[in-house]
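Engineer: File final.cif below, mmCIF, C-alpha atoms:
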```cif
data_final
#
loop_
_atom_site.label_atom_id
_atom_site.label_comp_id
_atom_site.auth_asym_id
_atom_site.auth_seq_id
_atom_site.Cartn_x
_atom_site.Cartn_y
_atom_site.Cartn_z
CA MET A 1 22.52 120.60 140.91
CA LYS A 2 26.04 119.73 142.08
CA GLU A 3 28.77 122.13 140.99
CA LYS A 4 31.67 120.86 138.91
CA PRO A 5 34.55 119.48 141.00
CA THR A 6 37.34 121.96 141.57
CA PHE A 7 41.05 121.61 140.89
CA PHE A 8 41.61 121.12 144.62
CA GLU A 9 39.07 118.32 144.87
CA PHE A 10 40.81 116.49 142.04
CA ALA A 11 44.19 117.13 143.67
CA ALA A 12 43.00 115.70 146.98
CA GLU A 13 41.63 112.61 145.26
CA VAL A 14 44.94 111.80 143.57
CA GLY A 15 46.98 112.86 146.63
CA LEU A 16 48.87 115.73 145.00
CA THR A 17 49.66 119.23 146.16
CA LYS A 18 52.58 121.36 145.09
CA HIS A 19 54.15 124.71 145.69
CA ILE A 20 56.66 126.69 143.70
CA GLY A 21 60.25 126.13 144.79
CA GLY A 22 59.62 122.63 146.11
CA MET A 23 61.19 121.29 149.28
CA GLY A 24 64.12 123.66 148.91
CA ALA A 25 61.75 126.56 149.49
CA THR A 26 60.28 124.79 152.52
CA GLU A 27 63.75 124.36 154.01
CA GLU A 28 64.49 128.03 153.34
CA LEU A 29 61.34 129.05 155.22
CA ALA A 30 62.33 126.83 158.15
CA THR A 31 65.86 128.25 158.27
CA LEU A 32 64.72 131.88 158.11
CA CYS A 33 62.23 131.26 160.91
CA GLY A 34 64.71 129.39 163.12
CA ILE A 35 62.48 126.33 163.44
CA GLY A 36 63.80 123.82 165.99
CA PRO A 37 62.68 121.07 168.38
CA GLN A 38 60.89 123.52 170.71
CA SER A 39 58.91 125.22 167.94
CA TYR A 40 55.16 124.96 167.47
CA ILE A 41 54.35 125.60 163.80
CA LEU A 42 51.11 126.38 161.99
CA ASP A 43 51.11 125.34 158.32
CA VAL A 44 48.16 127.07 156.65
CA GLY A 45 46.97 125.24 153.53
CA CYS A 46 48.78 122.01 154.34
CA GLY A 47 47.36 120.13 151.34
CA VAL A 48 48.06 116.40 151.56
CA GLY A 49 50.34 116.83 154.57
CA ILE A 50 53.81 116.77 153.02
CA THR A 51 55.14 119.91 154.75
CA PRO A 52 53.80 119.17 158.28
CA CYS A 53 55.35 115.69 158.19
CA PHE A 54 58.60 116.96 156.72
CA LEU A 55 58.99 119.67 159.38
CA ALA A 56 58.18 117.29 162.23
CA LYS A 57 60.72 114.72 161.02
CA ARG A 58 63.49 117.12 160.01
CA TYR A 59 63.35 119.57 162.92
CA GLY A 60 61.60 117.60 165.69
CA CYS A 61 58.97 120.34 166.10
CA ARG A 62 55.24 120.16 166.69
CA VAL A 63 53.06 121.12 163.73
CA MET A 64 49.41 122.04 163.31
CA GLY A 65 48.36 121.72 159.67
CA VAL A 66 45.10 123.23 158.43
CA ASP A 67 43.37 123.20 155.07
CA ILE A 68 39.98 124.46 153.92
CA MET A 69 39.30 121.39 151.73
CA PRO A 70 37.88 118.29 153.52
CA GLY A 71 39.58 116.01 151.01
CA MET A 72 42.99 117.52 151.75
CA VAL A 73 42.41 117.18 155.49
CA GLU A 74 41.57 113.51 155.03
CA ARG A 75 44.71 112.88 152.93
CA SER A 76 46.86 114.74 155.46
CA LYS A 77 45.54 112.72 158.38
CA GLU A 78 46.22 109.51 156.46
CA ARG A 79 49.81 110.61 155.83
CA VAL A 80 50.38 111.55 159.47
CA GLN A 81 49.15 108.11 160.57
CA ARG A 82 51.17 106.33 157.88
CA GLU A 83 54.37 108.09 158.91
CA GLY A 84 53.81 107.55 162.64
CA LEU A 85 53.77 111.26 163.49
CA SER A 86 50.52 111.59 165.46
CA HIS A 87 52.50 112.64 168.54
CA ARG A 88 53.89 115.69 166.71
CA VAL A 89 51.44 116.56 163.94
CA GLU A 90 47.76 117.45 164.13
CA ILE A 91 45.53 118.25 161.14
CA ARG A 92 42.32 120.30 161.20
CA GLN A 93 39.97 121.88 158.69
CA ALA A 94 40.10 125.68 158.76
CA ASP A 95 39.82 128.81 156.63
CA ALA A 96 42.95 130.99 156.43
CA GLN A 97 40.70 134.05 156.81
CA LYS A 98 39.22 132.82 160.09
CA LEU A 99 41.65 130.61 161.98
CA PRO A 100 40.13 128.69 164.94
CA PHE A 101 43.01 129.37 167.34
CA GLU A 102 43.63 131.65 170.30
CA ASP A 103 45.83 134.70 169.95
CA GLU A 104 49.60 134.11 170.27
CA THR A 105 49.45 130.31 169.96
CA PHE A 106 52.27 129.48 167.52
CA ASP A 107 55.97 130.25 167.24
CA THR A 108 55.82 130.39 163.44
CA VAL A 109 53.10 130.50 160.79
CA ILE A 110 54.00 129.41 157.27
CA THR A 111 52.12 129.16 153.99
CA GLU A 112 53.27 127.80 150.64
CA SER A 113 51.42 128.85 147.48
CA VAL A 114 48.28 129.34 149.59
CA THR A 115 47.74 133.02 150.39
CA ALA A 116 47.30 133.78 146.69
CA PHE A 117 43.88 132.09 146.86
CA PRO A 118 41.78 133.65 149.69
CA PRO A 119 39.48 136.46 148.49
CA ASP A 120 40.67 138.69 151.34
CA LYS A 121 44.43 138.23 151.45
CA GLN A 122 44.91 141.01 154.00
CA LYS A 123 42.50 139.33 156.38
CA ALA A 124 44.39 136.04 155.99
CA VAL A 125 47.79 137.62 156.71
CA SER A 126 46.32 139.49 159.68
CA GLU A 127 45.03 136.16 161.01
CA TYR A 128 48.51 134.65 160.70
CA THR A 129 49.84 137.58 162.69
CA ARG A 130 47.14 137.28 165.34
CA VAL A 131 47.87 133.64 166.15
CA VAL A 132 51.68 133.93 166.19
CA LYS A 133 53.45 134.72 169.46
CA PRO A 134 55.26 138.04 170.07
CA GLY A 135 58.70 137.69 168.54
CA GLY A 136 57.41 134.90 166.27
CA MET A 137 57.62 134.73 162.51
CA VAL A 138 55.14 134.74 159.64
CA ALA A 139 56.64 133.31 156.44
CA LEU A 140 55.10 133.02 152.98
CA ASN A 141 56.22 131.33 149.78
CA GLU A 142 54.04 132.86 147.08
CA SER A 143 53.99 133.45 143.33
CA VAL A 144 55.11 136.88 142.13
CA TRP A 145 55.30 138.98 139.01
CA ILE A 146 58.96 139.85 138.51
CA GLN A 147 57.90 142.27 135.78
CA TYR A 148 54.43 143.79 135.72
CA PRO A 149 52.20 143.79 133.80
CA PRO A 150 52.95 140.45 132.12
CA PRO A 151 51.91 139.56 128.57
CA GLU A 152 48.42 138.08 128.35
CA GLU A 153 49.64 134.58 127.47
CA ILE A 154 51.87 134.49 130.55
CA ALA A 155 49.07 135.72 132.84
CA CYS A 156 46.78 132.97 131.46
CA TRP A 157 49.48 130.33 131.91
CA ALA A 158 50.12 131.34 135.52
CA ALA A 159 46.43 131.15 136.39
CA GLN A 160 45.97 127.62 135.06
CA GLU A 161 49.36 126.38 136.26
CA LEU A 162 48.57 127.46 139.80
CA GLY A 163 45.31 125.56 139.62
CA ALA A 164 42.75 128.32 139.83
CA ASN A 165 41.81 131.66 138.37
CA ILE A 166 44.15 133.82 140.42
CA VAL A 167 46.50 136.69 139.69
CA PRO A 168 49.94 136.58 141.36
CA LEU A 169 50.97 139.76 143.18
CA THR A 170 54.07 141.88 142.79
CA PRO A 171 56.74 141.58 145.51
CA GLU A 172 55.82 145.06 146.74
CA SER A 173 52.18 144.04 147.17
CA TRP A 174 53.10 140.97 149.21
CA LYS A 175 55.35 143.04 151.48
CA GLU A 176 52.58 145.59 151.91
CA LEU A 177 50.24 142.86 153.18
CA LEU A 178 52.78 141.95 155.86
CA GLU A 179 53.35 145.57 156.80
CA LYS A 180 49.64 146.31 157.14
CA ALA A 181 49.29 143.27 159.40
CA GLY A 182 51.74 144.96 161.79
CA LEU A 183 54.75 142.75 161.14
CA GLN A 184 58.28 144.13 161.35
CA GLU A 185 61.71 143.32 159.93
CA ILE A 186 60.08 142.31 156.64
CA ARG A 187 62.38 140.57 154.21
CA SER A 188 61.93 139.08 150.76
CA ASN A 189 63.93 136.81 148.49
CA ILE A 190 62.64 136.78 144.91
CA ARG A 191 63.44 133.89 142.60
CA ARG A 192 62.76 133.19 138.94
CA ILE A 193 60.90 129.99 138.14
CA ASP A 194 62.94 127.07 136.77
CA LEU A 195 60.56 124.68 135.05
CA ARG A 196 63.11 121.85 135.06
CA ASP A 197 63.57 122.15 138.80
CA GLU A 198 59.80 122.31 139.28
CA SER A 199 59.41 119.03 137.34
CA ARG A 200 62.15 117.30 139.34
CA GLY A 201 60.65 118.64 142.54
CA LEU A 202 57.69 116.26 142.30
CA VAL A 203 59.93 113.23 142.87
CA ASN A 204 61.89 115.06 145.59
CA ARG A 205 58.65 115.89 147.36
CA TYR A 206 56.89 112.52 147.13
CA GLY A 207 59.70 110.04 146.47
CA CYS A 208 59.73 107.57 143.61
CA SER A 209 57.03 105.28 145.01
CA GLY A 210 54.84 108.20 146.01
CA THR A 211 55.11 109.75 142.56
CA VAL A 212 54.22 106.42 140.93
CA GLY A 213 51.17 106.21 143.21
CA ILE A 214 50.04 109.71 142.22
CA VAL A 215 50.38 108.92 138.51
CA ALA A 216 48.47 105.66 138.97
CA ARG A 217 45.63 107.45 140.74
CA MET A 218 45.53 110.06 137.98
CA ILE A 219 45.21 107.36 135.34
CA ARG A 220 42.49 105.61 137.32
CA LEU A 221 40.57 108.85 137.86
CA TYR A 222 40.89 109.75 134.18
CA ALA A 223 39.44 106.37 133.23
CA VAL A 224 36.37 106.54 135.47
CA ASN A 225 35.56 110.24 135.88
CA PRO A 226 34.32 112.25 132.84
CA ALA A 227 34.66 115.54 134.73
CA TYR A 228 38.33 114.83 135.38
CA ARG A 229 38.88 113.97 131.72
CA GLU A 230 37.38 117.31 130.70
CA PHE A 231 39.47 119.14 133.30
CA THR A 232 42.73 117.61 132.04
CA LYS A 233 41.81 118.44 128.45
CA GLN A 234 41.27 122.07 129.38
CA VAL A 235 44.61 122.19 131.20
CA ARG A 236 46.41 120.71 128.21
CA ARG A 237 44.81 123.25 125.88
CA LYS A 238 46.01 126.10 128.07
CA GLY A 239 49.20 124.51 129.25
CA VAL A 240 51.76 125.36 126.55
CA THR A 241 54.57 127.12 128.39
CA PRO A 242 54.92 130.63 126.95
CA ALA A 243 58.23 132.03 125.79
CA HIS A 244 60.15 134.28 128.23
CA LEU A 245 58.12 133.02 131.19
CA GLU A 246 61.08 133.31 133.55
CA ASP A 247 61.38 137.02 132.76
CA TYR A 248 57.97 137.72 134.26
CA PHE A 249 56.95 134.96 136.66
CA GLY A 250 58.62 133.65 139.80
CA TYR A 251 58.12 133.21 143.51
CA GLY A 252 59.07 135.03 146.64
CA ILE A 253 60.02 133.99 150.16
CA PHE A 254 58.59 136.68 152.46
CA THR A 255 59.11 136.86 156.22
CA GLY A 256 57.97 139.24 158.93
CA LYS A 257 58.40 139.30 162.69
CA LYS A 258 55.71 140.08 165.24
CA SER A 259 56.79 142.75 167.68
CA LEU A 260 57.52 141.75 171.26
CA THR A 261 55.26 144.51 172.55
CA GLU A 262 52.29 146.27 170.97
CA ASN A 263 54.01 149.64 170.93
CA SER A 264 57.50 148.54 169.85
#
```
As structure tokens, how would this structure be written, given the file I've shared?

Structural biologist:
Amino acid sequence: MKEKPTFFEFAAEVGLTKHIGGMGATEELATLCGIGPQSYILDVGCGVGITPCFLAKRYGCRVMGVDIMPGMVERSKERVQREGLSHRVEIRQADAQKLPFEDETFDTVITESVTAFPPDKQKAVSEYTRVVKPGGMVALNESVWIQYPPPEEIACWAAQELGANIVPLTPESWKELLEKAGLQEIRSNIRRIDLRDESRGLVNRYGCSGTVGIVARMIRLYAVNPAYREFTKQVRRKGVTPAHLEDYFGYGIFTGKKSLTENS
């Protein structure tokens, strides 16, 4: 018997992926990592390909985007072709916990609202560190608890809003993952969530026509797919934004540098 479709399968079908902080957070990651025309970037959990295409166009770099979901890989490849970026962007299917690349391949590894999902987060971060070159950067944009523990209603909201049954980590826990992977010069910038900015970020990320296309595909999928109708009903039931959310929930930009030598 086929399992129920997941949030990510629905997201791939309508062409939608998101991360907290929007494109502003992506630009912050790029700036902190010094991404430029000579950079070779790995974007782990590339979703429908927005970030790989954005980086290639904005900074002139080469980008390898990977995602564990076949549907996301397909959508990403379509976007790369549509935007004429095949000479700079490649998309492959891969698991963050077992990346199919040689050691010291990339100048920078980034993830955006991705490392919260793998069962073994330490293994994933250690993989990012393995495939980045000495002196290269690992940079994460991930959900955080600004105060811990949060009230139950806020924990439940965060889990459904992020699209799966996950528990965000504290900033200290994220930094510890980077430290245990052997990264140095670890830095973090913690931000409170702004729901208005998050709503506006959809249009900034996809453009007006792209957003209209996403909404149209959602309506079409709702009309023809009973499982999607049930999924949206469940989200609506859980989706009332709790009071004082911004006091507990936010996101963090975390960066770490791989040492130039093993013993440095």

Engineer: Would you mind telling me which residue in A:Leu221, A:Leu178, A:Ile154, A:Ala94 lies nearest to Asp43 (chain A) when using all atoms listed in the file?

Structural biologist: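 Checking each candidate against Asp43 (chain A), we get A:Ala94 as the closest.
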
Engineer: Run the PyMOL selection byres ((chain A and resi 168-170) around 9) mentally over the shown coordinates, then write out the matched residues as JSON, numbers by chain, using the chain letters and numbers from the document.

Structural biologist: {"A": [116, 142, 143, 144, 145, 146, 147, 148, 155, 158, 159, 166, 167, 171, 172, 173, 174, 175, 249]}

Engineer: What's the separation between CA of Pro37 (chain A) and CA of Ala25 (chain A), in Å to one decimal place?

Structural biologist: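 Between these atoms lies a distance of 19.7 Å.
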
Engineer: Once the PyMOL selection byres ((chain A and resi 124) around 12) is applied to the coordinates I shared, what remains selected? I want it as a ChimeraX atom specification.

Structural biologist: /A:44-45,94-99,109-111,114-123,125-131,138,140,177-178,180-181

Engineer: Quote the spacing between CA of Leu42 (chain A) and CA of Arg79 (chain A) in Å to one decimal place.

Structural biologist: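 These two atoms are separated by 17.0 Å.
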
Engineer: Please expand the PyMOL selection byres ((chain A and resi 246) around 8) into the concrete residues it hits in this file, giving the result as a PDB file with C-alpha atoms, in the coordinates of the input.

Structural biologist:
```
ATOM      1  CA  ARG A 192      62.760 133.190 138.940  1.00  0.00           C
ATOM      2  CA  ILE A 193      60.900 129.990 138.140  1.00  0.00           C
ATOM      3  CA  ASP A 194      62.940 127.070 136.770  1.00  0.00           C
ATOM      4  CA  HIS A 244      60.150 134.280 128.230  1.00  0.00           C
ATOM      5  CA  LEU A 245      58.120 133.020 131.190  1.00  0.00           C
ATOM      6  CA  ASP A 247      61.380 137.020 132.760  1.00  0.00           C
ATOM      7  CA  TYR A 248      57.970 137.720 134.260  1.00  0.00           C
ATOM      8  CA  PHE A 249      56.950 134.960 136.660  1.00  0.00           C
ATOM      9  CA  GLY A 250      58.620 133.650 139.800  1.00  0.00           C
TER      10      GLY A 250
END
```

Engineer: When you look at Tyr59 (chain A) with a cut-off of 12 Å (counting only C-alpha atoms), what residues show up, excluding the ones that are within fewer than 5 positions of it in the same chain? I need them as a PyMOL selection string.

Structural biologist: chain A and resi 27+30-31+33-41+51-54+88

Engineer: Using the selection just defined, write its residues with C-alpha atoms as a PDB file, keeping the file's coordinate frame.

Structural biologist:
```
ATOM      1  CA  GLU A  27      63.750 124.360 154.010  1.00  0.00           C
ATOM      2  CA  ALA A  30      62.330 126.830 158.150  1.00  0.00           C
ATOM      3  CA  THR A  31      65.860 128.250 158.270  1.00  0.00           C
ATOM      4  CA  CYS A  33      62.230 131.260 160.910  1.00  0.00           C
ATOM      5  CA  GLY A  34      64.710 129.390 163.120  1.00  0.00           C
ATOM      6  CA  ILE A  35      62.480 126.330 163.440  1.00  0.00           C
ATOM      7  CA  GLY A  36      63.800 123.820 165.990  1.00  0.00           C
ATOM      8  CA  PRO A  37      62.680 121.070 168.380  1.00  0.00           C
ATOM      9  CA  GLN A  38      60.890 123.520 170.710  1.00  0.00           C
ATOM     10  CA  SER A  39      58.910 125.220 167.940  1.00  0.00           C
ATOM     11  CA  TYR A  40      55.160 124.960 167.470  1.00  0.00           C
ATOM     12  CA  ILE A  41      54.350 125.600 163.800  1.00  0.00           C
ATOM     13  CA  THR A  51      55.140 119.910 154.750  1.00  0.00           C
ATOM     14  CA  PRO A  52      53.800 119.170 158.280  1.00  0.00           C
ATOM     15  CA  CYS A  53      55.350 115.690 158.190  1.00  0.00           C
ATOM     16  CA  PHE A  54      58.600 116.960 156.720  1.00  0.00           C
ATOM     17  CA  ARG A  88      53.890 115.690 166.710  1.00  0.00           C
TER      18      ARG A  88
END
```

Engineer: What separation in Å, quoted to one decimal, exists between CA of Gly256 (chain A) and CA of Ile190 (chain A)?

Structural biologist: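 These atoms are spaced 15.0 Å apart.
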
Engineer: Could you check the closest approach to Asn141 (chain A) for each of A:Arg191, A:Arg92, A:Arg229, A:Lys57 and tell me which residue wins, using all atoms listed in the file?

Structural biologist: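 Of A:Arg191, A:Arg92, A:Arg229, A:Lys57, the one nearest Asn141 (chain A), counting all atoms listed in the file, is A:Arg191.
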
Engineer: Give the answer as one residue: which of A:Gly213, A:Glu153, A:Ile186, A:Ala227 has the shortest atom-to-atom distance to Pro242 (chain A), using all atoms listed in the file?

Structural biologist: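 Residue with the minimum atom-to-atom distance to Pro242 (chain A): A:Glu153.
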
Engineer: Using all atoms listed in the file, which protein or nucleic acid residues come within 10 Å of Arg187 (chain A)? Drop anything in the same chain fewer than 3 positions from it, and give the result as a ChimeraX atom specification.

Structural biologist: /A:32,139,175,178,184,252-257

Engineer: Calculated over all atoms listed in the file, which of the candidates A:Pro149, A:Lys133, A:Ile20, A:Gly49 has the smallest distance to Arg82 (chain A)?

Structural biologist: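 Under the stated criterion, the closest residue is A:Gly49.
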
Engineer: Which one of A:Pro151, A:Asn189, A:Thr108, A:Leu183 sits closest to Ala243 (chain A) if you count all atoms listed in the file?

Structural biologist: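 The closest residue to Ala243 (chain A) is A:Pro151.
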
Engineer: Restricting the calculation to all atoms listed in the file, which member of A:Phe101, A:Pro226, A:Val63, A:Ile50 is positioned closest to Glu83 (chain A)?

Structural biologist: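 When distances to Glu83 (chain A) are compared using all atoms listed in the file, the smallest one comes from A:Ile50.
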